[in-house]
2 protein chains.
Amino acid sequence: MDLNSILRQYEEIKAHQRNLMMSDLSMSLSNLASSCLELLETYEVLNLSSQVPDKNYFSWVSENGRKKSRPINAALFENLTSAAEKKDAFFSALQNNDFANISAHDITRGCYVTAISFCAVIDLLKERDQKTPGTFFEYLIGHCYARKLGMDPRDRVDVLNLGDTTSLPTDFIFDLGLNRPKFHLPVKTSTRERVIQVWAHQRVLDGVYGTGRFWGTLVALAETKLDITRNIVTDICLPDQWKLYQLFIAQMKRIYYLDLPQKYSDLNNFFPKIPVKEFGEFFHEVDDLNSF
Amino acid sequence: MDLNSILRQYEEIKAHQRNLMMSDLSMSLSNLASSCLELLETYEVLNLSSQVPDKNYFSWVSENGRKKSRPINAALFENLTSAAEKKDAFFSALQNNDFANISAHDITRGCYVTAISFCAVIDLLKERDQKTPGTFFEYLIGHCYARKLGMDPRDRVDVLNLGDTTSLPTDFIFDLGLNRPKFHLPVKTSTRERVIQVWAHQRVLDGVYGTGRFWGTLVALAETKLDITRNIVTDICLPDQWKLYQLFIAQMKRIYYLDLPQKYSDLNNFFPKIPVKEFGEFFHEVDDLNSF
């Protein structure tokens, strides 16, 4: 297994960006994740010094130690064998669109393994490439929503009230049809200072179509940062900024994480609360839109 | 004149980031611009192929042709002699805080020469450094506002209604005092897709303090982009997106440019209009806040 073969698999997946609902895509993504895990098996594991309370992280390092992958959450990944098992169970559920027998946490873990393995491969084998992991993560999460909701997304919303026809380029939009909400799905590997865009887009959607018609659900991978010289992992969270955005820009319906930071999880206890959950919860709670 | 001496002058200016109103800073900035012009004199000028209607651009290129500066607007810069003259007239007005005898367009040109010369030096002599030109441009524009308004800015606004004391990090804020507006001043060398942040911050300020209390005035340098292999200049403008932001996120009071793109200038003719002007206009129109 080498980088080129992994990038080839990735390009094949990208070719289906207009058919994210396709069940075959589950198998392609699962195979890509297997290839990544196979490649990562050949790298050394370095345990990192974690400054994130109650969480441990490791990194894969290239032979000469020159390159390190982003931090991997040890509890979510565990080891290559259990990672592969969680990943397989997740894609099997996704392909069949049947999540009755898989826990929210196991969905989160299977999806985390898939996302983080691909990101780690790119970290180790490409130079300063943030775009490929970001785009891959969009397809992965877009496919998850498309399978669960049974429809392909749109990524552009017509804005009709400007006199001329203008389009607002947004993140994925899933339109559940008459009398039901539309999901507005921004996807980010990490949020940092750019996250205000998510609330601002939601604000435009609320303004154009009326508040409550689009349900904003941000899906993010992690907020960890690796100090590569000292091998220290921290997580960068700005919960006070999020409170301001939620109070004064727009209301996001959910924030989902694969590696959920405690400081954001704490926003569930703030009033008015921001519902921040692990990603797997989506697959169960979306079944009952009335209590969503 | 060399890069290190220019960076030394820049570091001295940075040391005064808390005293932007200081009149000595006008002279330091003027001297820095002179040093940049002196250094640029040693580089070759390459005329670029402009796809921006009615505007011509050139670039300075390093000896081996390996590096090119960002595009320079030929009408605003003219040549090194007139550039230096415009720059001197501008800083003389700024140091004395007397703009009665300098036209808005000459203010714009003097400021443009200063900003673009420093950016060009960094383009030619540093590797992929976007941060230094951006930070320099913030100080330059912050100093312009501070001189004209006769006060130092704040760059953080207390948000008091969250129960605890939280701060919203924003761009510069100039507080004119009781019964007068506060200027919210974001500064960007170019806007591109990140500009939605500007409207989103304005929205938070409107929400926390009440609409109309903060006047948002974005100052931007240019929107040109150079295709470095084909030597073609284009400008990237998204006026339809701006209309959405202005209609549905918040109202910006002014958008000022040093090199004003026609597509944004056209927004003055849109209803409801977005007032987009050349930067020099600020120094005259702010004298009458009632008609601002």
# chains A, B, ... in the order shown; residues from 1 in each chain; ligands from 1

call {"tool": "interface_residues", "arguments": {"of": "chain A", "to": "chain B", "cutoff": "12 Å", "atoms": "only C-alpha atoms", "output": "ChimeraX atom specification"}}
result
/A:158-170,193-211,238-250,270-272

call {"tool": "residues_around", "arguments": {"residues": "Ala104 (chain B)", "least_positions_apart": "2", "cutoff": "9 Å", "atoms": "only C-alpha atoms", "output": "MDAnalysis selection string"}}
result
chainID B and resid 99 102 106:109 278:284

call {"tool": "write_last_selection", "arguments": {"atoms": "all heavy atoms", "output": "mmCIF file, in the first residue's frame"}}
result
data_model
loop_
_atom_site.group_PDB
_atom_site.id
_atom_site.type_symbol
_atom_site.label_atom_id
_atom_site.label_comp_id
_atom_site.auth_asym_id
_atom_site.auth_seq_id
_atom_site.Cartn_x
_atom_site.Cartn_y
_atom_site.Cartn_z
ATOM 1 N N PHE B 99 -6.303 67.931 6.744
ATOM 2 C CA PHE B 99 -6.562 67.368 5.415
ATOM 3 C C PHE B 99 -7.289 68.364 4.510
ATOM 4 O O PHE B 99 -7.839 67.992 3.480
ATOM 5 C CB PHE B 99 -7.356 66.056 5.550
ATOM 6 C CG PHE B 99 -6.640 65.040 6.383
ATOM 7 C CD1 PHE B 99 -6.834 64.979 7.763
ATOM 8 C CD2 PHE B 99 -5.732 64.159 5.808
ATOM 9 C CE1 PHE B 99 -6.146 64.049 8.550
ATOM 10 C CE2 PHE B 99 -5.040 63.233 6.577
ATOM 11 C CZ PHE B 99 -5.258 63.176 7.949
ATOM 12 N N ILE B 102 -5.621 68.633 0.908
ATOM 13 C CA ILE B 102 -5.249 67.439 0.150
ATOM 14 C C ILE B 102 -6.543 66.756 -0.296
ATOM 15 O O ILE B 102 -7.480 66.592 0.496
ATOM 16 C CB ILE B 102 -4.319 66.511 0.975
ATOM 17 C CG1 ILE B 102 -3.887 65.285 0.148
ATOM 18 C CG2 ILE B 102 -4.934 66.099 2.284
ATOM 19 C CD1 ILE B 102 -2.750 64.476 0.809
ATOM 20 N N ASP B 106 -5.760 62.124 -3.560
ATOM 21 C CA ASP B 106 -4.340 62.174 -3.197
ATOM 22 C C ASP B 106 -4.071 61.470 -1.868
ATOM 23 O O ASP B 106 -3.010 60.873 -1.685
ATOM 24 C CB ASP B 106 -3.836 63.631 -3.156
ATOM 25 C CG ASP B 106 -3.476 64.123 -4.562
ATOM 26 O OD1 ASP B 106 -3.525 63.309 -5.512
ATOM 27 O OD2 ASP B 106 -3.166 65.320 -4.710
ATOM 28 N N ILE B 107 -5.019 61.535 -0.957
ATOM 29 C CA ILE B 107 -4.891 60.747 0.288
ATOM 30 C C ILE B 107 -4.831 59.265 -0.066
ATOM 31 O O ILE B 107 -3.961 58.524 0.395
ATOM 32 C CB ILE B 107 -6.071 61.012 1.253
ATOM 33 C CG1 ILE B 107 -6.063 62.463 1.730
ATOM 34 C CG2 ILE B 107 -6.020 60.051 2.447
ATOM 35 C CD1 ILE B 107 -7.305 62.866 2.534
ATOM 36 N N THR B 108 -5.784 58.841 -0.897
ATOM 37 C CA THR B 108 -5.826 57.437 -1.310
ATOM 38 C C THR B 108 -4.496 57.021 -1.937
ATOM 39 O O THR B 108 -3.941 55.969 -1.602
ATOM 40 C CB THR B 108 -6.964 57.213 -2.332
ATOM 41 O OG1 THR B 108 -8.196 57.653 -1.752
ATOM 42 C CG2 THR B 108 -7.084 55.748 -2.719
ATOM 43 N N ARG B 109 -3.983 57.879 -2.838
ATOM 44 C CA ARG B 109 -2.741 57.519 -3.531
ATOM 45 C C ARG B 109 -1.555 57.444 -2.574
ATOM 46 O O ARG B 109 -0.757 56.504 -2.633
ATOM 47 C CB ARG B 109 -2.454 58.517 -4.653
ATOM 48 C CG ARG B 109 -3.384 58.335 -5.849
ATOM 49 C CD ARG B 109 -2.954 59.220 -7.017
ATOM 50 N NE ARG B 109 -1.599 58.887 -7.448
ATOM 51 C CZ ARG B 109 -0.912 59.596 -8.342
ATOM 52 N NH1 ARG B 109 -1.446 60.677 -8.888
ATOM 53 N NH2 ARG B 109 0.305 59.224 -8.689
ATOM 54 N N GLU B 278 -13.463 55.264 -2.289
ATOM 55 C CA GLU B 278 -12.016 55.228 -2.113
ATOM 56 C C GLU B 278 -11.684 55.753 -0.712
ATOM 57 O O GLU B 278 -12.407 56.598 -0.163
ATOM 58 C CB GLU B 278 -11.281 56.005 -3.199
ATOM 59 C CG GLU B 278 -11.488 57.494 -3.227
ATOM 60 C CD GLU B 278 -10.513 58.186 -4.201
ATOM 61 O OE1 GLU B 278 -9.291 57.982 -4.054
ATOM 62 O OE2 GLU B 278 -10.977 58.912 -5.091
ATOM 63 N N PHE B 279 -10.587 55.222 -0.139
ATOM 64 C CA PHE B 279 -10.280 55.453 1.265
ATOM 65 C C PHE B 279 -10.179 56.934 1.640
ATOM 66 O O PHE B 279 -10.625 57.353 2.716
ATOM 67 C CB PHE B 279 -8.974 54.723 1.621
ATOM 68 C CG PHE B 279 -8.543 54.878 3.056
ATOM 69 C CD1 PHE B 279 -9.395 54.571 4.112
ATOM 70 C CD2 PHE B 279 -7.252 55.328 3.366
ATOM 71 C CE1 PHE B 279 -8.988 54.701 5.433
ATOM 72 C CE2 PHE B 279 -6.843 55.462 4.691
ATOM 73 C CZ PHE B 279 -7.706 55.151 5.720
ATOM 74 N N GLY B 280 -9.595 57.733 0.751
ATOM 75 C CA GLY B 280 -9.376 59.153 1.053
ATOM 76 C C GLY B 280 -10.649 59.905 1.420
ATOM 77 O O GLY B 280 -10.613 60.891 2.169
ATOM 78 N N GLU B 281 -11.786 59.457 0.921
ATOM 79 C CA GLU B 281 -13.074 60.109 1.218
ATOM 80 C C GLU B 281 -13.336 60.187 2.721
ATOM 81 O O GLU B 281 -13.954 61.137 3.213
ATOM 82 C CB GLU B 281 -14.235 59.351 0.559
ATOM 83 C CG GLU B 281 -14.182 59.258 -0.954
ATOM 84 C CD GLU B 281 -14.684 60.518 -1.656
ATOM 85 O OE1 GLU B 281 -15.125 61.463 -0.961
ATOM 86 O OE2 GLU B 281 -14.608 60.549 -2.891
ATOM 87 N N PHE B 282 -12.887 59.164 3.442
ATOM 88 C CA PHE B 282 -13.133 59.121 4.891
ATOM 89 C C PHE B 282 -12.688 60.405 5.583
ATOM 90 O O PHE B 282 -13.391 60.932 6.453
ATOM 91 C CB PHE B 282 -12.416 57.914 5.513
ATOM 92 C CG PHE B 282 -12.415 57.908 7.020
ATOM 93 C CD1 PHE B 282 -13.565 57.549 7.732
ATOM 94 C CD2 PHE B 282 -11.290 58.271 7.750
ATOM 95 C CE1 PHE B 282 -13.582 57.545 9.124
ATOM 96 C CE2 PHE B 282 -11.297 58.273 9.140
ATOM 97 C CZ PHE B 282 -12.447 57.912 9.826
ATOM 98 N N PHE B 283 -11.510 60.907 5.190
ATOM 99 C CA PHE B 283 -10.897 62.029 5.906
ATOM 100 C C PHE B 283 -11.683 63.323 5.745
ATOM 101 O O PHE B 283 -11.549 64.236 6.543
ATOM 102 C CB PHE B 283 -9.445 62.214 5.439
ATOM 103 C CG PHE B 283 -8.592 61.042 5.804
ATOM 104 C CD1 PHE B 283 -8.598 59.894 5.016
ATOM 105 C CD2 PHE B 283 -7.829 61.049 6.955
ATOM 106 C CE1 PHE B 283 -7.826 58.792 5.364
ATOM 107 C CE2 PHE B 283 -7.066 59.953 7.309
ATOM 108 C CZ PHE B 283 -7.068 58.814 6.519
ATOM 109 N N HIS B 284 -12.500 63.406 4.698
ATOM 110 C CA HIS B 284 -13.340 64.586 4.532
ATOM 111 C C HIS B 284 -14.754 64.348 5.058
ATOM 112 O O HIS B 284 -15.305 65.164 5.766
ATOM 113 C CB HIS B 284 -13.371 65.009 3.051
ATOM 114 C CG HIS B 284 -12.016 65.437 2.552
ATOM 115 N ND1 HIS B 284 -11.592 65.253 1.266
ATOM 116 C CD2 HIS B 284 -10.968 66.038 3.203
ATOM 117 C CE1 HIS B 284 -10.357 65.738 1.131
ATOM 118 N NE2 HIS B 284 -9.955 66.202 2.295
#

call {"tool": "residues_around", "arguments": {"residues": "Arg180 (chain A)", "least_positions_apart": "2", "cutoff": "10 Å", "atoms": "only C-alpha atoms", "output": "list of chain:residue names"}}
result
A:Asp175, A:Leu176, A:Gly177, A:Leu178, A:Lys182, A:Phe183, A:Arg213, A:Phe214, A:Leu289, A:Asn290

call {"tool": "write_last_selection", "arguments": {"atoms": "C-alpha atoms", "output": "mmCIF file, in the first residue's frame"}}
result
data_model
loop_
_atom_site.group_PDB
_atom_site.id
_atom_site.type_symbol
_atom_site.label_atom_id
_atom_site.label_comp_id
_atom_site.auth_asym_id
_atom_site.auth_seq_id
_atom_site.Cartn_x
_atom_site.Cartn_y
_atom_site.Cartn_z
ATOM 1 C CA ASP A 175 -34.183 19.255 1.775
ATOM 2 C CA LEU A 176 -36.592 16.892 3.557
ATOM 3 C CA GLY A 177 -39.540 18.378 1.677
ATOM 4 C CA LEU A 178 -42.801 20.121 2.527
ATOM 5 C CA LYS A 182 -34.002 21.411 5.634
ATOM 6 C CA PHE A 183 -30.616 20.501 7.091
ATOM 7 C CA ARG A 213 -36.819 26.415 8.128
ATOM 8 C CA PHE A 214 -33.137 25.456 7.935
ATOM 9 C CA LEU A 289 -37.736 15.085 14.121
ATOM 10 C CA ASN A 290 -40.326 16.322 16.611
#

call {"tool": "select_by_dssp", "arguments": {"residues": "region 48-85 of chain A", "states": "strand (DSSP E)", "output": "list in words"}}
result
Ser49, Ser50, Tyr57, Phe58, Ser59, Trp60, Val61, Ile72 and Asn73 of chain A

call {"tool": "write_last_selection", "arguments": {"atoms": "N, CA and C atoms", "output": "PDB file, in the first residue's frame"}}
result
ATOM      1  N   SER A  49       2.344  13.879  24.802  1.00  0.00           N
ATOM      2  CA  SER A  49       2.042  14.413  26.117  1.00  0.00           C
ATOM      3  C   SER A  49       0.758  15.247  25.991  1.00  0.00           C
ATOM      4  N   SER A  50      -0.308  14.785  26.633  1.00  0.00           N
ATOM      5  CA  SER A  50      -1.615  15.418  26.445  1.00  0.00           C
ATOM      6  C   SER A  50      -1.916  16.420  27.534  1.00  0.00           C
ATOM      7  N   TYR A  57      -3.436  10.961  23.568  1.00  0.00           N
ATOM      8  CA  TYR A  57      -3.239  11.037  22.127  1.00  0.00           C
ATOM      9  C   TYR A  57      -1.910  10.416  21.725  1.00  0.00           C
ATOM     10  N   PHE A  58      -1.886   9.862  20.507  1.00  0.00           N
ATOM     11  CA  PHE A  58      -0.605   9.433  19.936  1.00  0.00           C
ATOM     12  C   PHE A  58      -0.500   9.979  18.522  1.00  0.00           C
ATOM     13  N   SER A  59       0.668   9.782  17.945  1.00  0.00           N
ATOM     14  CA  SER A  59       0.917  10.267  16.592  1.00  0.00           C
ATOM     15  C   SER A  59       1.690   9.185  15.860  1.00  0.00           C
ATOM     16  N   TRP A  60       1.466   9.064  14.557  1.00  0.00           N
ATOM     17  CA  TRP A  60       2.352   8.214  13.751  1.00  0.00           C
ATOM     18  C   TRP A  60       3.485   9.072  13.252  1.00  0.00           C
ATOM     19  N   VAL A  61       4.701   8.512  13.279  1.00  0.00           N
ATOM     20  CA  VAL A  61       5.848   9.316  12.832  1.00  0.00           C
ATOM     21  C   VAL A  61       6.565   8.596  11.689  1.00  0.00           C
ATOM     22  N   ILE A  72      -3.915  11.539  17.424  1.00  0.00           N
ATOM     23  CA  ILE A  72      -4.976  10.533  17.327  1.00  0.00           C
ATOM     24  C   ILE A  72      -5.493  10.248  18.737  1.00  0.00           C
ATOM     25  N   ASN A  73      -6.780  10.349  18.934  1.00  0.00           N
ATOM     26  CA  ASN A  73      -7.384  10.080  20.239  1.00  0.00           C
ATOM     27  C   ASN A  73      -7.291   8.575  20.536  1.00  0.00           C
TER      28      ASN A  73
END

call {"tool": "residues_around", "arguments": {"residues": "Tyr43 (chain A)", "least_positions_apart": "2", "cutoff": "9 Å", "atoms": "only C-alpha atoms", "output": "list in words"}}
result
Leu39, Leu40, Glu41, Val45, Trp60, Val61, Ser62 and Glu63 of chain A

call {"tool": "write_last_selection", "arguments": {"atoms": "all heavy atoms", "output": "compact mmCIF listing (two decimals), in the first residue's frame"}}
result
# COMPACT_ATOMS: atom_id res chain seq x y z
N LEU A 39 -1.42 1.06 5.54
CA LEU A 39 -0.21 1.88 5.38
C LEU A 39 0.32 2.37 6.73
O LEU A 39 1.52 2.36 6.99
CB LEU A 39 -0.52 3.07 4.46
CG LEU A 39 0.63 4.01 4.14
CD1 LEU A 39 1.76 3.25 3.42
CD2 LEU A 39 0.17 5.16 3.25
N LEU A 40 -0.61 2.78 7.61
CA LEU A 40 -0.19 3.33 8.90
C LEU A 40 0.48 2.27 9.78
O LEU A 40 1.30 2.60 10.64
CB LEU A 40 -1.41 3.95 9.62
CG LEU A 40 -1.95 5.23 8.98
CD1 LEU A 40 -3.30 5.60 9.58
CD2 LEU A 40 -0.96 6.39 9.13
N GLU A 41 0.13 1.00 9.53
CA GLU A 41 0.72 -0.10 10.30
C GLU A 41 2.25 -0.10 10.16
O GLU A 41 2.95 -0.59 11.05
CB GLU A 41 0.14 -1.43 9.78
CG GLU A 41 0.26 -2.55 10.77
CD GLU A 41 -0.52 -3.79 10.35
OE1 GLU A 41 -1.15 -3.77 9.27
OE2 GLU A 41 -0.48 -4.78 11.09
N VAL A 45 4.54 4.39 16.29
CA VAL A 45 3.59 5.13 17.11
C VAL A 45 4.36 5.91 18.18
O VAL A 45 5.25 5.36 18.83
CB VAL A 45 2.58 4.17 17.78
CG1 VAL A 45 1.85 4.86 18.93
CG2 VAL A 45 1.59 3.65 16.75
N TRP A 60 1.47 9.06 14.56
CA TRP A 60 2.35 8.21 13.75
C TRP A 60 3.49 9.07 13.25
O TRP A 60 3.27 10.23 12.85
CB TRP A 60 1.60 7.60 12.56
CG TRP A 60 0.71 6.46 12.95
CD1 TRP A 60 1.09 5.21 13.33
CD2 TRP A 60 -0.73 6.45 12.99
NE1 TRP A 60 -0.01 4.43 13.61
CE2 TRP A 60 -1.13 5.17 13.40
CE3 TRP A 60 -1.71 7.40 12.72
CZ2 TRP A 60 -2.47 4.80 13.55
CZ3 TRP A 60 -3.03 7.04 12.86
CH2 TRP A 60 -3.41 5.76 13.29
N VAL A 61 4.70 8.51 13.28
CA VAL A 61 5.85 9.32 12.83
C VAL A 61 6.56 8.60 11.69
O VAL A 61 6.62 7.37 11.65
CB VAL A 61 6.86 9.58 13.98
CG1 VAL A 61 6.23 10.48 15.03
CG2 VAL A 61 7.33 8.28 14.62
N SER A 62 7.10 9.38 10.76
CA SER A 62 7.83 8.79 9.63
C SER A 62 9.18 8.32 10.14
O SER A 62 9.68 8.77 11.18
CB SER A 62 7.99 9.81 8.51
OG SER A 62 8.75 10.90 8.96
N GLU A 63 9.79 7.43 9.39
CA GLU A 63 10.99 6.70 9.82
C GLU A 63 12.07 7.62 10.39
O GLU A 63 12.62 7.38 11.45
CB GLU A 63 11.55 5.94 8.61
CG GLU A 63 11.96 4.52 8.96
CD GLU A 63 12.33 3.78 7.69
OE1 GLU A 63 11.48 3.61 6.81
OE2 GLU A 63 13.50 3.38 7.60

call {"tool": "residues_around", "arguments": {"residues": "Asn268 (chain A)", "least_positions_apart": "2", "cutoff": "12 Å", "atoms": "only C-alpha atoms", "output": "ChimeraX atom specification"}}
result
/A:239,243,253-255,262-266,270-277

call {"tool": "write_last_selection", "arguments": {"atoms": "all heavy atoms", "output": "compact mmCIF listing (two decimals), in the first residue's frame"}}
result
# COMPACT_ATOMS: atom_id res chain seq x y z
N PRO A 239 -15.40 28.67 23.74
CA PRO A 239 -16.83 28.54 24.05
C PRO A 239 -17.53 29.88 24.27
O PRO A 239 -18.70 30.02 23.91
CB PRO A 239 -16.85 27.67 25.31
CG PRO A 239 -15.48 27.74 25.87
CD PRO A 239 -14.55 27.96 24.71
N LYS A 243 -20.97 31.25 22.41
CA LYS A 243 -22.18 31.76 23.09
C LYS A 243 -22.64 33.05 22.43
O LYS A 243 -23.84 33.26 22.21
CB LYS A 243 -21.88 32.03 24.57
CG LYS A 243 -21.65 30.79 25.42
CD LYS A 243 -21.35 31.23 26.87
CE LYS A 243 -20.87 30.06 27.71
NZ LYS A 243 -20.50 30.50 29.08
N LYS A 253 -28.71 24.33 15.38
CA LYS A 253 -29.54 23.30 16.01
C LYS A 253 -28.68 22.27 16.74
O LYS A 253 -29.07 21.78 17.80
CB LYS A 253 -30.36 22.62 14.91
CG LYS A 253 -31.48 21.75 15.40
CD LYS A 253 -32.71 22.54 15.75
CE LYS A 253 -33.86 21.60 16.12
NZ LYS A 253 -34.99 22.33 16.69
N ARG A 254 -27.59 21.90 16.15
CA ARG A 254 -26.66 20.94 16.75
C ARG A 254 -25.24 21.26 16.33
O ARG A 254 -25.02 21.76 15.22
CB ARG A 254 -26.93 19.50 16.26
CG ARG A 254 -28.17 18.84 16.74
CD ARG A 254 -28.08 18.40 18.19
NE ARG A 254 -29.25 17.62 18.54
CZ ARG A 254 -30.46 18.15 18.82
NH1 ARG A 254 -30.63 19.46 18.77
NH2 ARG A 254 -31.48 17.36 19.13
N ILE A 255 -24.30 20.92 17.21
CA ILE A 255 -22.90 20.85 16.83
C ILE A 255 -22.47 19.43 17.14
O ILE A 255 -22.60 18.98 18.29
CB ILE A 255 -22.01 21.82 17.64
CG1 ILE A 255 -22.65 23.22 17.76
CG2 ILE A 255 -20.60 21.86 17.06
CD1 ILE A 255 -22.42 24.16 16.65
N GLN A 262 -14.30 18.72 25.72
CA GLN A 262 -15.09 18.90 26.94
C GLN A 262 -15.63 20.32 27.06
O GLN A 262 -16.77 20.54 27.45
CB GLN A 262 -14.23 18.55 28.16
CG GLN A 262 -14.98 18.58 29.48
CD GLN A 262 -16.14 17.59 29.53
OE1 GLN A 262 -16.00 16.45 29.07
NE2 GLN A 262 -17.29 18.01 30.04
N LYS A 263 -14.81 21.31 26.67
CA LYS A 263 -15.23 22.71 26.83
C LYS A 263 -16.45 23.03 25.96
O LYS A 263 -17.23 23.93 26.29
CB LYS A 263 -14.08 23.66 26.48
CG LYS A 263 -13.06 23.80 27.60
CD LYS A 263 -11.87 24.64 27.14
CE LYS A 263 -10.59 24.17 27.81
NZ LYS A 263 -9.42 24.19 26.92
N TYR A 264 -16.58 22.34 24.84
CA TYR A 264 -17.78 22.55 24.02
C TYR A 264 -18.95 21.71 24.52
O TYR A 264 -20.10 22.15 24.50
CB TYR A 264 -17.48 22.26 22.54
CG TYR A 264 -16.64 23.34 21.89
CD1 TYR A 264 -15.71 23.04 20.90
CD2 TYR A 264 -16.77 24.68 22.28
CE1 TYR A 264 -14.93 24.03 20.31
CE2 TYR A 264 -16.00 25.68 21.70
CZ TYR A 264 -15.08 25.35 20.72
OH TYR A 264 -14.31 26.33 20.14
N SER A 265 -18.63 20.51 25.00
CA SER A 265 -19.67 19.68 25.59
C SER A 265 -20.34 20.41 26.76
O SER A 265 -21.55 20.30 26.99
CB SER A 265 -19.04 18.36 26.05
OG SER A 265 -20.00 17.54 26.67
N ASP A 266 -19.55 21.20 27.49
CA ASP A 266 -20.08 21.96 28.63
C ASP A 266 -21.14 22.97 28.21
O ASP A 266 -21.92 23.45 29.05
CB ASP A 266 -18.94 22.70 29.35
CG ASP A 266 -18.03 21.76 30.11
OD1 ASP A 266 -18.42 20.59 30.32
OD2 ASP A 266 -16.92 22.18 30.48
N PHE A 270 -25.14 25.33 29.61
CA PHE A 270 -25.25 26.79 29.60
C PHE A 270 -26.68 27.15 29.21
O PHE A 270 -27.35 26.42 28.50
CB PHE A 270 -24.23 27.31 28.57
CG PHE A 270 -24.43 28.72 28.08
CD1 PHE A 270 -24.15 29.80 28.90
CD2 PHE A 270 -24.87 28.96 26.78
CE1 PHE A 270 -24.32 31.10 28.43
CE2 PHE A 270 -25.04 30.24 26.31
CZ PHE A 270 -24.77 31.32 27.14
N PHE A 271 -27.18 28.25 29.74
CA PHE A 271 -28.51 28.69 29.33
C PHE A 271 -28.42 30.02 28.60
O PHE A 271 -27.82 30.95 29.14
CB PHE A 271 -29.45 28.83 30.54
CG PHE A 271 -30.80 29.34 30.13
CD1 PHE A 271 -31.75 28.47 29.63
CD2 PHE A 271 -31.11 30.70 30.18
CE1 PHE A 271 -32.98 28.93 29.20
CE2 PHE A 271 -32.33 31.16 29.74
CZ PHE A 271 -33.28 30.28 29.25
N PRO A 272 -29.03 30.21 27.42
CA PRO A 272 -29.65 29.15 26.62
C PRO A 272 -28.62 28.20 26.04
O PRO A 272 -27.59 28.66 25.57
CB PRO A 272 -30.36 29.92 25.50
CG PRO A 272 -29.70 31.25 25.44
CD PRO A 272 -29.11 31.53 26.77
N LYS A 273 -28.90 26.92 26.08
CA LYS A 273 -27.87 25.93 25.77
C LYS A 273 -27.59 25.81 24.27
O LYS A 273 -28.44 26.09 23.43
CB LYS A 273 -28.24 24.57 26.35
CG LYS A 273 -29.11 23.68 25.47
CD LYS A 273 -29.10 22.25 26.03
CE LYS A 273 -30.08 21.37 25.25
NZ LYS A 273 -30.09 19.98 25.77
N ILE A 274 -26.36 25.41 23.98
CA ILE A 274 -25.98 25.02 22.62
C ILE A 274 -25.83 23.50 22.64
O ILE A 274 -24.98 22.98 23.37
CB ILE A 274 -24.66 25.69 22.18
CG1 ILE A 274 -24.73 27.22 22.37
CG2 ILE A 274 -24.35 25.35 20.72
CD1 ILE A 274 -23.44 27.93 22.03
N PRO A 275 -26.65 22.77 21.88
CA PRO A 275 -26.56 21.31 21.93
C PRO A 275 -25.33 20.81 21.16
O PRO A 275 -25.30 20.87 19.94
CB PRO A 275 -27.85 20.83 21.24
CG PRO A 275 -28.71 22.07 21.09
CD PRO A 275 -27.75 23.22 21.02
N VAL A 276 -24.33 20.37 21.90
CA VAL A 276 -23.09 19.85 21.32
C VAL A 276 -22.98 18.38 21.67
O VAL A 276 -23.01 18.03 22.86
CB VAL A 276 -21.86 20.63 21.84
CG1 VAL A 276 -20.59 20.17 21.14
CG2 VAL A 276 -22.05 22.14 21.67
N LYS A 277 -22.89 17.51 20.66
CA LYS A 277 -22.94 16.07 20.93
C LYS A 277 -21.91 15.32 20.10
O LYS A 277 -21.36 15.87 19.16
CB LYS A 277 -24.34 15.53 20.56
CG LYS A 277 -25.48 16.24 21.25
CD LYS A 277 -26.81 15.53 20.99
CE LYS A 277 -27.92 16.23 21.78
NZ LYS A 277 -29.18 15.46 21.75

call {"tool": "residues_around", "arguments": {"residues": "region 26-35 of chain A", "least_positions_apart": "5", "cutoff": "7 Å", "atoms": "only C-alpha atoms", "output": "PyMOL selection string"}}
result
chain A and resi 1+6+9+13+88+91+94-95+114+117-118

call {"tool": "residues_around", "arguments": {"residues": "Asp171 (chain A)", "least_positions_apart": "6", "cutoff": "6 Å", "atoms": "only C-alpha atoms", "output": "VMD selection string"}}
result
chain A and resid 155 185 to 186

call {"tool": "atom_distance", "arguments": {"atom1": "CA of Arg192 (chain B)", "atom2": "CA of Tyr139 (chain B)"}}
result
20.7 Å

call {"tool": "closest_residue", "arguments": {"among": "A:Lys188, A:Val157, A:Asp98, A:Phe90", "to": "Gly134 (chain A)", "atoms": "only C-alpha atoms"}}
result
A:Lys188

call {"tool": "closest_residue", "arguments": {"among": "A:Glu44, A:Pro261, A:Ala89, A:Thr234", "to": "Ala220 (chain A)", "atoms": "only C-alpha atoms"}}
result
A:Pro261

call {"tool": "select_by_dssp", "arguments": {"residues": "region 48-271 of chain A", "states": "alpha helix (DSSP H)", "output": "number ranges by chain"}}
result
A: 74-77, 80-96, 104-125, 131-149, 196-209, 239-248, 262-265

call {"tool": "atom_distance", "arguments": {"atom1": "CA of Arg70 (chain A)", "atom2": "CA of Cys144 (chain A)"}}
result
23.2 Å
